[in-house]
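As stored in target14.cif (mmCIF, C-alpha atoms):
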```cif
data_query
#
loop_
_atom_site.group_PDB
_atom_site.id
_atom_site.type_symbol
_atom_site.label_atom_id
_atom_site.label_comp_id
_atom_site.auth_asym_id
_atom_site.auth_seq_id
_atom_site.Cartn_x
_atom_site.Cartn_y
_atom_site.Cartn_z
ATOM 1 C CA MET A 1 -24.441 -5.148 41.765
ATOM 2 C CA ARG A 2 -25.592 -2.988 44.685
ATOM 3 C CA ILE A 3 -22.892 -0.344 45.037
ATOM 4 C CA ALA A 4 -22.589 2.348 47.699
ATOM 5 C CA ILE A 5 -20.235 5.270 47.042
ATOM 6 C CA VAL A 6 -19.118 7.282 50.075
ATOM 7 C CA THR A 7 -17.367 10.657 49.954
ATOM 8 C CA HIS A 8 -16.977 13.188 52.749
ATOM 9 C CA ALA A 9 -17.474 16.004 50.200
ATOM 10 C CA PRO A 10 -21.079 17.146 50.806
ATOM 11 C CA ARG A 11 -23.916 17.486 48.334
ATOM 12 C CA GLY A 12 -23.425 20.609 46.241
ATOM 13 C CA SER A 13 -19.639 20.608 46.685
ATOM 14 C CA ARG A 14 -17.543 21.111 43.559
ATOM 15 C CA SER A 15 -14.508 19.420 45.076
ATOM 16 C CA GLY A 16 -12.622 16.897 42.988
ATOM 17 C CA ASN A 17 -13.755 13.990 45.169
ATOM 18 C CA ARG A 18 -17.428 14.896 44.803
ATOM 19 C CA ILE A 19 -17.109 15.324 41.047
ATOM 20 C CA THR A 20 -15.408 11.928 40.738
ATOM 21 C CA ALA A 21 -18.083 10.282 42.896
ATOM 22 C CA LEU A 22 -20.901 11.786 40.836
ATOM 23 C CA ARG A 23 -19.286 10.778 37.550
ATOM 24 C CA TRP A 24 -18.689 7.209 38.713
ATOM 25 C CA ALA A 25 -22.242 6.909 40.059
ATOM 26 C CA ALA A 26 -23.631 7.938 36.668
ATOM 27 C CA MET A 27 -21.346 5.536 34.785
ATOM 28 C CA LEU A 28 -22.182 2.609 37.045
ATOM 29 C CA ARG A 29 -25.920 3.268 36.804
ATOM 30 C CA ARG A 30 -25.693 3.326 33.029
ATOM 31 C CA ALA A 31 -23.958 -0.058 33.262
ATOM 32 C CA GLY A 32 -27.002 -1.443 35.104
ATOM 33 C CA HIS A 33 -25.819 -1.318 38.725
ATOM 34 C CA ARG A 34 -27.887 -0.023 41.647
ATOM 35 C CA VAL A 35 -25.854 2.852 43.072
ATOM 36 C CA THR A 36 -26.239 5.104 46.112
ATOM 37 C CA LEU A 37 -24.055 8.140 46.835
ATOM 38 C CA ASP A 38 -23.802 9.566 50.333
ATOM 39 C CA SER A 39 -21.421 11.054 52.889
ATOM 40 C CA ARG A 40 -21.643 7.840 54.955
ATOM 41 C CA TRP A 41 -22.590 4.207 54.514
ATOM 42 C CA ARG A 42 -26.221 3.815 55.543
ATOM 43 C CA GLY A 43 -26.120 0.056 55.970
ATOM 44 C CA GLY A 44 -28.303 -2.457 54.204
ATOM 45 C CA ALA A 45 -27.523 -4.929 51.471
ATOM 46 C CA THR A 46 -24.382 -3.744 49.680
ATOM 47 C CA ASP A 47 -22.241 -5.817 47.329
ATOM 48 C CA VAL A 48 -19.469 -3.224 46.946
ATOM 49 C CA LEU A 49 -18.589 -0.176 49.024
ATOM 50 C CA VAL A 50 -16.523 2.504 47.258
ATOM 51 C CA VAL A 51 -14.871 5.012 49.615
ATOM 52 C CA LEU A 52 -13.022 8.133 48.493
ATOM 53 C CA HIS A 53 -10.279 9.239 50.929
ATOM 54 C CA ALA A 54 -8.404 6.908 53.248
ATOM 55 C CA VAL A 55 -8.639 9.140 56.308
ATOM 56 C CA HIS A 56 -12.100 10.692 56.016
ATOM 57 C CA GLY A 57 -13.577 7.391 54.864
ATOM 58 C CA ALA A 58 -11.780 5.102 57.319
ATOM 59 C CA GLU A 59 -14.630 4.865 59.826
ATOM 60 C CA GLU A 60 -17.235 3.993 57.182
ATOM 61 C CA LEU A 61 -14.925 1.413 55.622
ATOM 62 C CA ALA A 62 -14.231 -0.226 58.997
ATOM 63 C CA ARG A 63 -17.928 -0.366 59.838
ATOM 64 C CA PHE A 64 -18.769 -1.892 56.462
ATOM 65 C CA CYS A 65 -16.073 -4.554 56.782
ATOM 66 C CA ALA A 66 -17.235 -5.449 60.307
ATOM 67 C CA GLU A 67 -20.887 -5.777 59.292
ATOM 68 C CA ASN A 68 -20.279 -7.323 55.845
ATOM 69 C CA PRO A 69 -17.313 -9.679 56.129
ATOM 70 C CA ALA A 70 -18.206 -11.194 52.756
ATOM 71 C CA GLY A 71 -18.645 -7.803 51.071
ATOM 72 C CA ALA A 72 -16.104 -6.202 48.748
ATOM 73 C CA SER A 73 -14.686 -2.740 49.254
ATOM 74 C CA VAL A 74 -12.762 -0.250 47.139
ATOM 75 C CA LEU A 75 -10.666 2.580 48.566
ATOM 76 C CA VAL A 76 -9.874 5.460 46.224
ATOM 77 C CA LEU A 77 -6.658 7.206 47.256
ATOM 78 C CA THR A 78 -6.709 10.991 47.012
ATOM 79 C CA GLY A 79 -3.810 13.395 46.794
ATOM 80 C CA THR A 80 -3.942 14.173 50.522
ATOM 81 C CA ASP A 81 -3.846 10.442 51.257
ATOM 82 C CA VAL A 82 -0.801 9.837 49.099
ATOM 83 C CA TYR A 83 1.330 12.913 49.690
ATOM 84 C CA VAL A 84 0.404 13.936 53.247
ATOM 85 C CA ASP A 85 -1.270 11.238 55.327
ATOM 86 C CA LEU A 86 0.497 8.147 53.975
ATOM 87 C CA PRO A 87 4.050 9.483 54.508
ATOM 88 C CA ALA A 88 3.066 10.785 57.962
ATOM 89 C CA ALA A 89 1.843 7.285 58.870
ATOM 90 C CA ALA A 90 4.979 5.615 57.446
ATOM 91 C CA GLY A 91 2.873 3.984 54.733
ATOM 92 C CA ARG A 92 0.468 2.308 57.133
ATOM 93 C CA LEU A 93 -2.997 3.839 57.031
ATOM 94 C CA PRO A 94 -5.545 1.357 58.468
ATOM 95 C CA ALA A 95 -7.992 1.851 55.607
ATOM 96 C CA LEU A 96 -5.425 0.599 53.078
ATOM 97 C CA GLU A 97 -5.246 -2.726 54.875
ATOM 98 C CA LEU A 98 -9.034 -3.091 55.166
ATOM 99 C CA ALA A 99 -10.027 -2.463 51.558
ATOM 100 C CA THR A 100 -10.365 -5.341 49.120
ATOM 101 C CA ARG A 101 -9.021 -3.211 46.286
ATOM 102 C CA LEU A 102 -7.222 0.120 46.058
ATOM 103 C CA VAL A 103 -7.740 2.620 43.255
ATOM 104 C CA VAL A 104 -5.251 5.313 42.287
ATOM 105 C CA LEU A 105 -6.111 8.080 39.867
ATOM 106 C CA ASN A 106 -2.650 8.361 38.383
ATOM 107 C CA PRO A 107 -0.050 5.677 37.602
ATOM 108 C CA SER A 108 2.653 7.620 39.453
ATOM 109 C CA VAL A 109 0.789 6.999 42.730
ATOM 110 C CA LEU A 110 1.714 3.308 42.553
ATOM 111 C CA ASP A 111 5.260 4.323 43.518
ATOM 112 C CA ALA A 112 3.965 5.520 46.893
ATOM 113 C CA LEU A 113 2.572 2.064 47.745
ATOM 114 C CA ASP A 114 4.437 -0.955 49.036
ATOM 115 C CA ALA A 115 4.518 -4.246 47.110
ATOM 116 C CA ARG A 116 1.518 -5.754 48.907
ATOM 117 C CA GLN A 117 -0.566 -2.654 48.355
ATOM 118 C CA ARG A 118 0.357 -2.456 44.668
ATOM 119 C CA GLU A 119 -0.893 -6.018 44.158
ATOM 120 C CA ARG A 120 -4.380 -4.820 45.134
ATOM 121 C CA ALA A 121 -4.227 -1.520 43.263
ATOM 122 C CA SER A 122 -5.824 -0.496 39.980
ATOM 123 C CA VAL A 123 -5.233 2.686 38.006
ATOM 124 C CA VAL A 124 -8.430 4.426 36.919
ATOM 125 C CA LEU A 125 -7.661 7.625 35.022
ATOM 126 C CA GLN A 126 -10.280 10.306 35.456
ATOM 127 C CA SER A 127 -12.162 11.420 32.387
ATOM 128 C CA ALA A 128 -13.853 14.537 31.078
ATOM 129 C CA ARG A 129 -15.831 15.789 28.114
ATOM 130 C CA ALA A 130 -15.080 19.095 26.447
ATOM 131 C CA VAL A 131 -17.495 22.003 26.689
ATOM 132 C CA ASP A 132 -17.542 24.417 23.753
ATOM 133 C CA GLY A 133 -16.493 27.763 25.177
ATOM 134 C CA GLY A 134 -16.272 29.629 21.885
ATOM 135 C CA ASP A 135 -13.325 31.616 20.567
ATOM 136 C CA PRO A 136 -10.592 33.087 22.783
ATOM 137 C CA ASP A 137 -10.824 36.734 23.785
ATOM 138 C CA PRO A 138 -9.152 38.599 20.879
ATOM 139 C CA ASP A 139 -8.176 41.563 23.067
ATOM 140 C CA ARG A 140 -6.091 39.684 25.632
ATOM 141 C CA PHE A 141 -4.039 36.526 25.976
ATOM 142 C CA GLU A 142 -6.060 34.880 28.738
ATOM 143 C CA VAL A 143 -4.671 31.959 30.723
ATOM 144 C CA LEU A 144 -6.783 30.198 33.326
ATOM 145 C CA VAL A 145 -6.066 29.007 36.847
ATOM 146 C CA LEU A 146 -8.938 26.647 37.657
ATOM 147 C CA GLY A 147 -8.872 25.443 41.241
ATOM 148 C CA HIS A 148 -9.983 26.300 44.736
ATOM 149 C CA LEU A 149 -7.722 28.569 46.760
ATOM 150 C CA ARG A 150 -5.772 26.398 49.212
ATOM 151 C CA ALA A 151 -2.169 26.710 50.374
ATOM 152 C CA ILE A 152 -1.191 23.372 48.816
ATOM 153 C CA LYS A 153 -2.205 24.736 45.416
ATOM 154 C CA ASP A 154 0.100 27.780 45.741
ATOM 155 C CA PRO A 155 -2.807 29.844 44.398
ATOM 156 C CA PHE A 156 -0.997 33.150 43.764
ATOM 157 C CA LEU A 157 2.069 31.816 41.978
ATOM 158 C CA ALA A 158 0.617 32.594 38.544
ATOM 159 C CA ALA A 159 -0.300 36.103 39.668
ATOM 160 C CA ARG A 160 3.261 36.724 40.858
ATOM 161 C CA ALA A 161 4.709 35.293 37.650
ATOM 162 C CA ALA A 162 2.439 37.505 35.537
ATOM 163 C CA ARG A 163 3.812 40.596 37.275
ATOM 164 C CA ARG A 164 7.214 39.751 35.774
ATOM 165 C CA LEU A 165 6.022 39.976 32.173
ATOM 166 C CA PRO A 166 7.026 42.944 30.021
ATOM 167 C CA GLU A 167 4.726 45.939 29.810
ATOM 168 C CA ALA A 168 3.786 45.101 26.212
ATOM 169 C CA SER A 169 2.350 41.713 27.187
ATOM 170 C CA ARG A 170 -1.405 41.236 26.772
ATOM 171 C CA LEU A 171 -1.464 38.223 29.109
ATOM 172 C CA MET A 172 -4.182 38.051 31.766
ATOM 173 C CA VAL A 173 -4.451 35.394 34.474
ATOM 174 C CA THR A 174 -8.075 34.572 35.280
ATOM 175 C CA HIS A 175 -8.533 32.533 38.452
ATOM 176 C CA VAL A 176 -11.719 30.521 39.012
ATOM 177 C CA GLY A 177 -12.262 28.798 42.354
ATOM 178 C CA ALA A 178 -13.597 29.267 45.869
ATOM 179 C CA ALA A 179 -11.383 30.439 48.732
ATOM 180 C CA LEU A 180 -11.348 27.442 51.078
ATOM 181 C CA GLU A 181 -8.879 28.679 53.689
ATOM 182 C CA GLU A 182 -9.011 31.699 55.971
ATOM 183 C CA GLY A 183 -7.654 34.921 54.567
ATOM 184 C CA LEU A 184 -7.326 33.750 50.978
ATOM 185 C CA ALA A 185 -10.468 35.527 49.753
ATOM 186 C CA ARG A 186 -9.137 38.855 51.049
ATOM 187 C CA ARG A 187 -5.754 38.162 49.525
ATOM 188 C CA ALA A 188 -7.269 37.246 46.154
ATOM 189 C CA ALA A 189 -9.406 40.370 46.143
ATOM 190 C CA ALA A 190 -6.387 42.501 46.975
ATOM 191 C CA GLU A 191 -4.328 40.846 44.243
ATOM 192 C CA SER A 192 -7.128 41.483 41.736
ATOM 193 C CA GLU A 193 -7.184 45.127 42.768
ATOM 194 C CA GLY A 194 -3.440 45.659 42.652
ATOM 195 C CA ASN A 195 -2.319 43.411 39.803
ATOM 196 C CA PRO A 196 -3.572 44.433 36.333
ATOM 197 C CA ARG A 197 -2.671 40.982 34.997
ATOM 198 C CA TYR A 198 -4.778 39.016 37.501
ATOM 199 C CA ARG A 199 -8.467 38.717 38.258
ATOM 200 C CA TRP A 200 -10.195 36.338 40.666
ATOM 201 C CA LEU A 201 -13.770 35.399 39.753
ATOM 202 C CA GLY A 202 -14.506 33.116 42.694
ATOM 203 C CA GLU A 203 -16.429 29.893 42.211
ATOM 204 C CA LEU A 204 -18.479 29.499 39.030
ATOM 205 C CA PRO A 205 -21.007 26.869 37.903
ATOM 206 C CA ARG A 206 -19.134 23.879 36.572
ATOM 207 C CA ARG A 207 -20.271 24.223 32.953
ATOM 208 C CA GLU A 208 -19.283 27.890 32.876
ATOM 209 C CA ALA A 209 -15.874 27.075 34.354
ATOM 210 C CA LEU A 210 -15.285 24.388 31.725
ATOM 211 C CA ALA A 211 -16.355 26.770 28.954
ATOM 212 C CA ARG A 212 -13.732 29.233 30.182
ATOM 213 C CA LEU A 213 -11.170 26.431 30.157
ATOM 214 C CA ASP A 214 -12.037 25.574 26.568
ATOM 215 C CA ARG A 215 -11.540 29.125 25.302
ATOM 216 C CA ALA A 216 -8.474 29.941 27.424
ATOM 217 C CA ARG A 217 -5.122 30.120 25.634
ATOM 218 C CA ALA A 218 -3.686 27.813 28.313
ATOM 219 C CA LEU A 219 -4.339 26.299 31.728
ATOM 220 C CA VAL A 220 -1.866 27.007 34.538
ATOM 221 C CA VAL A 221 -1.633 24.494 37.414
ATOM 222 C CA THR A 222 0.561 25.592 40.317
ATOM 223 C CA SER A 223 -0.124 22.852 42.890
ATOM 224 C CA ARG A 224 2.606 21.721 45.240
ATOM 225 C CA ASN A 225 1.052 18.252 45.113
ATOM 226 C CA GLU A 226 -1.957 16.459 43.642
ATOM 227 C CA GLY A 227 -3.083 12.850 43.528
ATOM 228 C CA GLY A 228 -4.815 12.994 40.160
ATOM 229 C CA PRO A 229 -5.413 16.577 39.035
ATOM 230 C CA GLY A 230 -8.860 16.537 37.468
ATOM 231 C CA VAL A 231 -8.329 19.982 35.974
ATOM 232 C CA VAL A 232 -5.483 18.612 33.826
ATOM 233 C CA THR A 233 -7.829 15.867 32.638
ATOM 234 C CA GLU A 234 -10.394 18.524 31.730
ATOM 235 C CA ALA A 235 -7.782 20.530 29.839
ATOM 236 C CA LEU A 236 -6.748 17.440 27.874
ATOM 237 C CA ALA A 237 -10.385 16.850 26.914
ATOM 238 C CA CYS A 238 -10.487 20.412 25.561
ATOM 239 C CA THR A 239 -6.951 20.160 24.105
ATOM 240 C CA THR A 240 -6.170 23.337 26.009
ATOM 241 C CA PRO A 241 -2.373 23.636 26.443
ATOM 242 C CA VAL A 242 -1.182 23.091 30.017
ATOM 243 C CA LEU A 243 1.579 24.666 32.085
ATOM 244 C CA CYS A 244 1.986 22.680 35.300
ATOM 245 C CA THR A 245 4.307 22.205 38.231
ATOM 246 C CA ARG A 246 6.587 19.201 37.899
ATOM 247 C CA ILE A 247 4.865 16.963 40.419
ATOM 248 C CA PRO A 248 4.500 13.167 40.121
ATOM 249 C CA ALA A 249 0.824 13.364 39.195
ATOM 250 C CA ALA A 250 1.537 15.773 36.329
ATOM 251 C CA GLU A 251 4.376 13.637 35.010
ATOM 252 C CA GLY A 252 2.094 10.611 35.220
ATOM 253 C CA LEU A 253 -0.580 12.301 33.122
ATOM 254 C CA LEU A 254 1.494 14.452 30.765
ATOM 255 C CA GLY A 255 4.813 12.608 30.634
ATOM 256 C CA SER A 256 8.093 13.523 32.293
ATOM 257 C CA ASP A 257 9.308 15.085 29.037
ATOM 258 C CA TYR A 258 6.270 17.347 28.603
ATOM 259 C CA PRO A 259 7.746 20.788 27.805
ATOM 260 C CA GLY A 260 5.197 22.761 29.849
ATOM 261 C CA LEU A 261 6.375 21.553 33.275
ATOM 262 C CA PHE A 262 8.178 23.841 35.716
ATOM 263 C CA PRO A 263 9.591 23.445 39.253
ATOM 264 C CA VAL A 264 7.224 23.782 42.207
ATOM 265 C CA GLY A 265 7.085 27.374 43.434
ATOM 266 C CA ASP A 266 9.308 28.751 40.662
ATOM 267 C CA GLU A 267 7.662 31.989 39.575
ATOM 268 C CA VAL A 268 10.645 32.969 37.423
ATOM 269 C CA GLU A 269 10.406 29.818 35.311
ATOM 270 C CA LEU A 270 6.629 30.103 35.122
ATOM 271 C CA ALA A 271 7.000 33.701 33.922
ATOM 272 C CA ARG A 272 9.419 32.486 31.244
ATOM 273 C CA LEU A 273 6.920 29.874 30.068
ATOM 274 C CA LEU A 274 4.071 32.392 30.071
ATOM 275 C CA ALA A 275 6.154 34.698 27.902
ATOM 276 C CA ARG A 276 6.927 31.801 25.547
ATOM 277 C CA ILE A 277 3.325 30.695 25.043
ATOM 278 C CA GLU A 278 2.310 34.288 24.314
ATOM 279 C CA GLY A 279 5.274 35.184 22.140
ATOM 280 C CA GLU A 280 6.094 31.898 20.393
ATOM 281 C CA PRO A 281 3.082 30.441 18.554
ATOM 282 C CA ALA A 282 5.116 27.345 17.611
ATOM 283 C CA PHE A 283 5.773 26.535 21.270
ATOM 284 C CA LEU A 284 2.100 26.935 22.151
ATOM 285 C CA GLU A 285 1.200 24.654 19.245
ATOM 286 C CA THR A 286 3.707 22.062 20.471
ATOM 287 C CA LEU A 287 1.948 21.995 23.837
ATOM 288 C CA ARG A 288 -1.459 21.767 22.164
ATOM 289 C CA SER A 289 -0.286 18.891 19.981
ATOM 290 C CA ARG A 290 0.995 16.972 23.005
ATOM 291 C CA CYS A 291 -2.344 17.482 24.762
ATOM 292 C CA LEU A 292 -4.208 16.324 21.660
ATOM 293 C CA ASP A 293 -2.135 13.125 21.627
ATOM 294 C CA LEU A 294 -3.231 12.443 25.226
ATOM 295 C CA ARG A 295 -6.903 13.232 24.715
ATOM 296 C CA ALA A 296 -7.969 9.602 24.204
ATOM 297 C CA SER A 297 -6.482 8.653 27.589
ATOM 298 C CA VAL A 298 -9.105 10.773 29.381
ATOM 299 C CA SER A 299 -12.168 9.620 27.457
ATOM 300 C CA PRO A 300 -15.224 8.673 29.560
ATOM 301 C CA GLU A 301 -15.480 5.401 27.640
ATOM 302 C CA ARG A 302 -12.019 4.407 28.803
ATOM 303 C CA GLU A 303 -12.816 5.284 32.418
ATOM 304 C CA ALA A 304 -16.066 3.300 32.249
ATOM 305 C CA ARG A 305 -14.154 0.257 30.970
ATOM 306 C CA ALA A 306 -11.655 0.568 33.817
ATOM 307 C CA LEU A 307 -14.494 0.637 36.347
ATOM 308 C CA ALA A 308 -16.096 -2.407 34.704
ATOM 309 C CA GLU A 309 -12.817 -4.316 34.936
ATOM 310 C CA LEU A 310 -12.462 -3.348 38.584
ATOM 311 C CA LEU A 311 -15.950 -4.625 39.418
ATOM 312 C CA ALA A 312 -15.386 -7.822 37.439
ATOM 313 C CA ALA A 313 -12.358 -8.542 39.646
ATOM 314 C CA LEU A 314 -14.538 -8.099 42.725
ATOM 315 C CA ALA A 315 -17.430 -10.275 41.569
ATOM 316 C CA PRO A 316 -17.673 -13.613 43.414
ATOM 317 C CA PRO A 317 -16.907 -16.662 41.307
ATOM 318 C CA SER A 318 -20.006 -18.137 39.675
#
```
Written as structure tokens, how would this file's structure read?
Amino acid sequence: MRIAIVTHAPRGSRSGNRITALRWAAMLRRAGHRVTLDSRWRGGATDVLVVLHAVHGAEELARFCAENPAGASVLVLTGTDVYVDLPAAAGRLPALELATRLVVLNPSVLDALDARQRERASVVLQSARAVDGGDPDPDRFEVLVLGHLRAIKDPFLAARAARRLPEASRLMVTHVGAALEEGLARRAAAESEGNPRYRWLGELPRREALARLDRARALVVTSRNEGGPGVVTEALACTTPVLCTRIPAAEGLLGSDYPGLFPVGDEVELARLLARIEGEPAFLETLRSRCLDLRASVSPEREARALAELLAALAPPS
């Protein structure tokens, strides 16, 4: 098939949408398809258009459908689509009605769709491969926040929680990610200066960031909402224990009974969990064991099969 993937995230971006688009392009090429990846649809013969983001991709999707009435299209719903734009539009975003098929990155997202939309929806869990980061730092109990600084990610919650730990704690929060909103770089620098348990490293090359994730004692995810948190997928691939806000996407990936979940914005509960993973090896091992059990669900082979099944459903009858 001739497949065009469109994402508004530009070349060189390390955003989740761009990473997903690049991974899918590589998988589909290995499966023998002819794939282009761009920020817009350039026209020409296209069997399937894949668009990431219902709002940013709406214009390209509409143009494709108008010029290729017989073509097939796939709309990948992002976290902003599901938890911000879709509720604001009372569940009626034009792109959702145009696309032949919808893709959600987490089974919990299906609950945000109406019955007609769910009939056209497929769940494609994101995948990751572990990067060997070596042994943990023996001199500190390092936990990692891996994500760009945006208000929706509540980026300083872990820093505030770490301030609550007892003086004897060796825990250090290392934050990797670019500051994407005004003022957050200054705030992160100030927090690094004034909080001995927090350091912000800014954006790092992807392989280096994943190596840090592999050797961290735990990953901390503080998002107020996510559609399919790729960083949790990456932690599962590394079997790095996860502490995460209790949001639908996390429950969909980790299970509603996962013991490392805490309420959105609750720095007191996060501090309690941080103290437990540092002070109770059995609790940390319980989290690691749960992540190990889920590792197969984020394998690249499984994601590639899900994409193959999606394309098979779009292929015209022979």
Selection result for the PyMOL selection byres ((chain A and resi 192) around 12) on this file, as a CSV table (one decimal) with C-alpha atoms, in the frame of the given file:
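Output file out-v8.csv follows:
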```csv
chain,number,residue,atom,x,y,z
A,156,PHE,CA,-1.0,33.2,43.8
A,159,ALA,CA,-0.3,36.1,39.7
A,160,ARG,CA,3.3,36.7,40.9
A,163,ARG,CA,3.8,40.6,37.3
A,172,MET,CA,-4.2,38.1,31.8
A,173,VAL,CA,-4.5,35.4,34.5
A,174,THR,CA,-8.1,34.6,35.3
A,175,HIS,CA,-8.5,32.5,38.5
A,185,ALA,CA,-10.5,35.5,49.8
A,186,ARG,CA,-9.1,38.9,51.0
A,187,ARG,CA,-5.8,38.2,49.5
A,188,ALA,CA,-7.3,37.2,46.2
A,189,ALA,CA,-9.4,40.4,46.1
A,190,ALA,CA,-6.4,42.5,47.0
A,191,GLU,CA,-4.3,40.8,44.2
A,193,GLU,CA,-7.2,45.1,42.8
A,194,GLY,CA,-3.4,45.7,42.7
A,195,ASN,CA,-2.3,43.4,39.8
A,196,PRO,CA,-3.6,44.4,36.3
A,197,ARG,CA,-2.7,41.0,35.0
A,198,TYR,CA,-4.8,39.0,37.5
A,199,ARG,CA,-8.5,38.7,38.3
A,200,TRP,CA,-10.2,36.3,40.7
A,201,LEU,CA,-13.8,35.4,39.8
A,202,GLY,CA,-14.5,33.1,42.7
```
Problem - Length of the atom CA of Ala161 of chain A to atom CA of Tyr258 of chain A vector [Å] - result: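 Taking atom CA of Ala161 of chain A and atom CA of Tyr258 of chain A, their separation equals 20.2 Å.
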With the cut-off set at 12 Å and counting all atoms listed in the file, tabulate each residue of segment 32-87 of chain A with an atom at most that distance from an atom of segment 292-312 of chain A, showing the nearest atom pair and its distance in Å to one decimal, ordered by chain and increasing number, as CSV.
```
residue,atom,partner,partner_atom,distance
A:Gly32,CA,A:Ala308,CA,11.0
A:His33,CA,A:Leu311,CA,10.4
A:Asp47,CA,A:Leu311,CA,10.2
A:Val48,CA,A:Leu311,CA,8.4
A:Leu49,CA,A:Leu311,CA,10.9
A:Val50,CA,A:Leu311,CA,10.6
A:Ala72,CA,A:Leu311,CA,9.5
A:Ser73,CA,A:Leu311,CA,10.1
A:Val74,CA,A:Leu310,CA,9.1
A:Leu75,CA,A:Leu310,CA,11.7
A:Val76,CA,A:Leu307,CA,11.9
```
Just-selected residues, C-alpha atoms written as a PDB file, in the coordinates of the input:
```
ATOM      1  CA  GLY A  32     -27.002  -1.443  35.104  1.00  0.00           C
ATOM      2  CA  HIS A  33     -25.819  -1.318  38.725  1.00  0.00           C
ATOM      3  CA  ASP A  47     -22.241  -5.817  47.329  1.00  0.00           C
ATOM      4  CA  VAL A  48     -19.469  -3.224  46.946  1.00  0.00           C
ATOM      5  CA  LEU A  49     -18.589  -0.176  49.024  1.00  0.00           C
ATOM      6  CA  VAL A  50     -16.523   2.504  47.258  1.00  0.00           C
ATOM      7  CA  ALA A  72     -16.104  -6.202  48.748  1.00  0.00           C
ATOM      8  CA  SER A  73     -14.686  -2.740  49.254  1.00  0.00           C
ATOM      9  CA  VAL A  74     -12.762  -0.250  47.139  1.00  0.00           C
ATOM     10  CA  LEU A  75     -10.666   2.580  48.566  1.00  0.00           C
ATOM     11  CA  VAL A  76      -9.874   5.460  46.224  1.00  0.00           C
TER      12      VAL A  76
END
```
With segment 219-243 of chain A as the partner and 6 Å as the cut-off, tabulate the residues of segment 30-127 of chain A that qualify, each row holding the nearest pair of atoms and their distance in Å to one decimal, using only C-alpha atoms, sorted by chain and rising number, as JSON lines.
```
{"residue": "A:Thr78", "atom": "CA", "partner": "A:Gly227", "partner_atom": "CA", "distance": 5.4}
{"residue": "A:Gly79", "atom": "CA", "partner": "A:Gly227", "partner_atom": "CA", "distance": 3.4}
{"residue": "A:Leu105", "atom": "CA", "partner": "A:Gly228", "partner_atom": "CA", "distance": 5.1}
{"residue": "A:Asn106", "atom": "CA", "partner": "A:Gly228", "partner_atom": "CA", "distance": 5.4}
```
Practice task
Taking (-0.5, 1.4, 41.7) in the file's own coordinates, collect the residues within 6 Å, counting all atoms listed in the file, and hand them back as a list of chain:residue names.
Solution key: A:Pro107, A:Val109, A:Leu110, A:Arg118, A:Ala121, A:Ser122
Exercise for the section: Could you list the residues chosen by the PyMOL selection byres ((chain A and resi 132-137) around 10) in this structure as a PyMOL selection string? Expected result: chain A and resi 129-131+138-143+207-217+238
Atoms kept (C-alpha atoms) for selection, written as a PDB file, in the frame of the given file:
```pdb
ATOM      1  CA  ARG A 129     -15.831  15.789  28.114  1.00  0.00           C
ATOM      2  CA  ALA A 130     -15.080  19.095  26.447  1.00  0.00           C
ATOM      3  CA  VAL A 131     -17.495  22.003  26.689  1.00  0.00           C
ATOM      4  CA  PRO A 138      -9.152  38.599  20.879  1.00  0.00           C
ATOM      5  CA  ASP A 139      -8.176  41.563  23.067  1.00  0.00           C
ATOM      6  CA  ARG A 140      -6.091  39.684  25.632  1.00  0.00           C
ATOM      7  CA  PHE A 141      -4.039  36.526  25.976  1.00  0.00           C
ATOM      8  CA  GLU A 142      -6.060  34.880  28.738  1.00  0.00           C
ATOM      9  CA  VAL A 143      -4.671  31.959  30.723  1.00  0.00           C
ATOM     10  CA  ARG A 207     -20.271  24.223  32.953  1.00  0.00           C
ATOM     11  CA  GLU A 208     -19.283  27.890  32.876  1.00  0.00           C
ATOM     12  CA  ALA A 209     -15.874  27.075  34.354  1.00  0.00           C
ATOM     13  CA  LEU A 210     -15.285  24.388  31.725  1.00  0.00           C
ATOM     14  CA  ALA A 211     -16.355  26.770  28.954  1.00  0.00           C
ATOM     15  CA  ARG A 212     -13.732  29.233  30.182  1.00  0.00           C
ATOM     16  CA  LEU A 213     -11.170  26.431  30.157  1.00  0.00           C
ATOM     17  CA  ASP A 214     -12.037  25.574  26.568  1.00  0.00           C
ATOM     18  CA  ARG A 215     -11.540  29.125  25.302  1.00  0.00           C
ATOM     19  CA  ALA A 216      -8.474  29.941  27.424  1.00  0.00           C
ATOM     20  CA  ARG A 217      -5.122  30.120  25.634  1.00  0.00           C
ATOM     21  CA  CYS A 238     -10.487  20.412  25.561  1.00  0.00           C
TER      22      CYS A 238
END
```
Handout entry: Which of A:Glu67, A:Asp85, A:Glu203, A:Glu119 sits closest to Leu149 of chain A [using only C-alpha atoms]
Key = A:Glu203
Handout entry: Expected answer as a ChimeraX atom specification: all residues with atoms within 9 Å of (-15.2, 7.3, 56.2), all atoms listed in the file
Key = /A:6-8,39-41,51-63
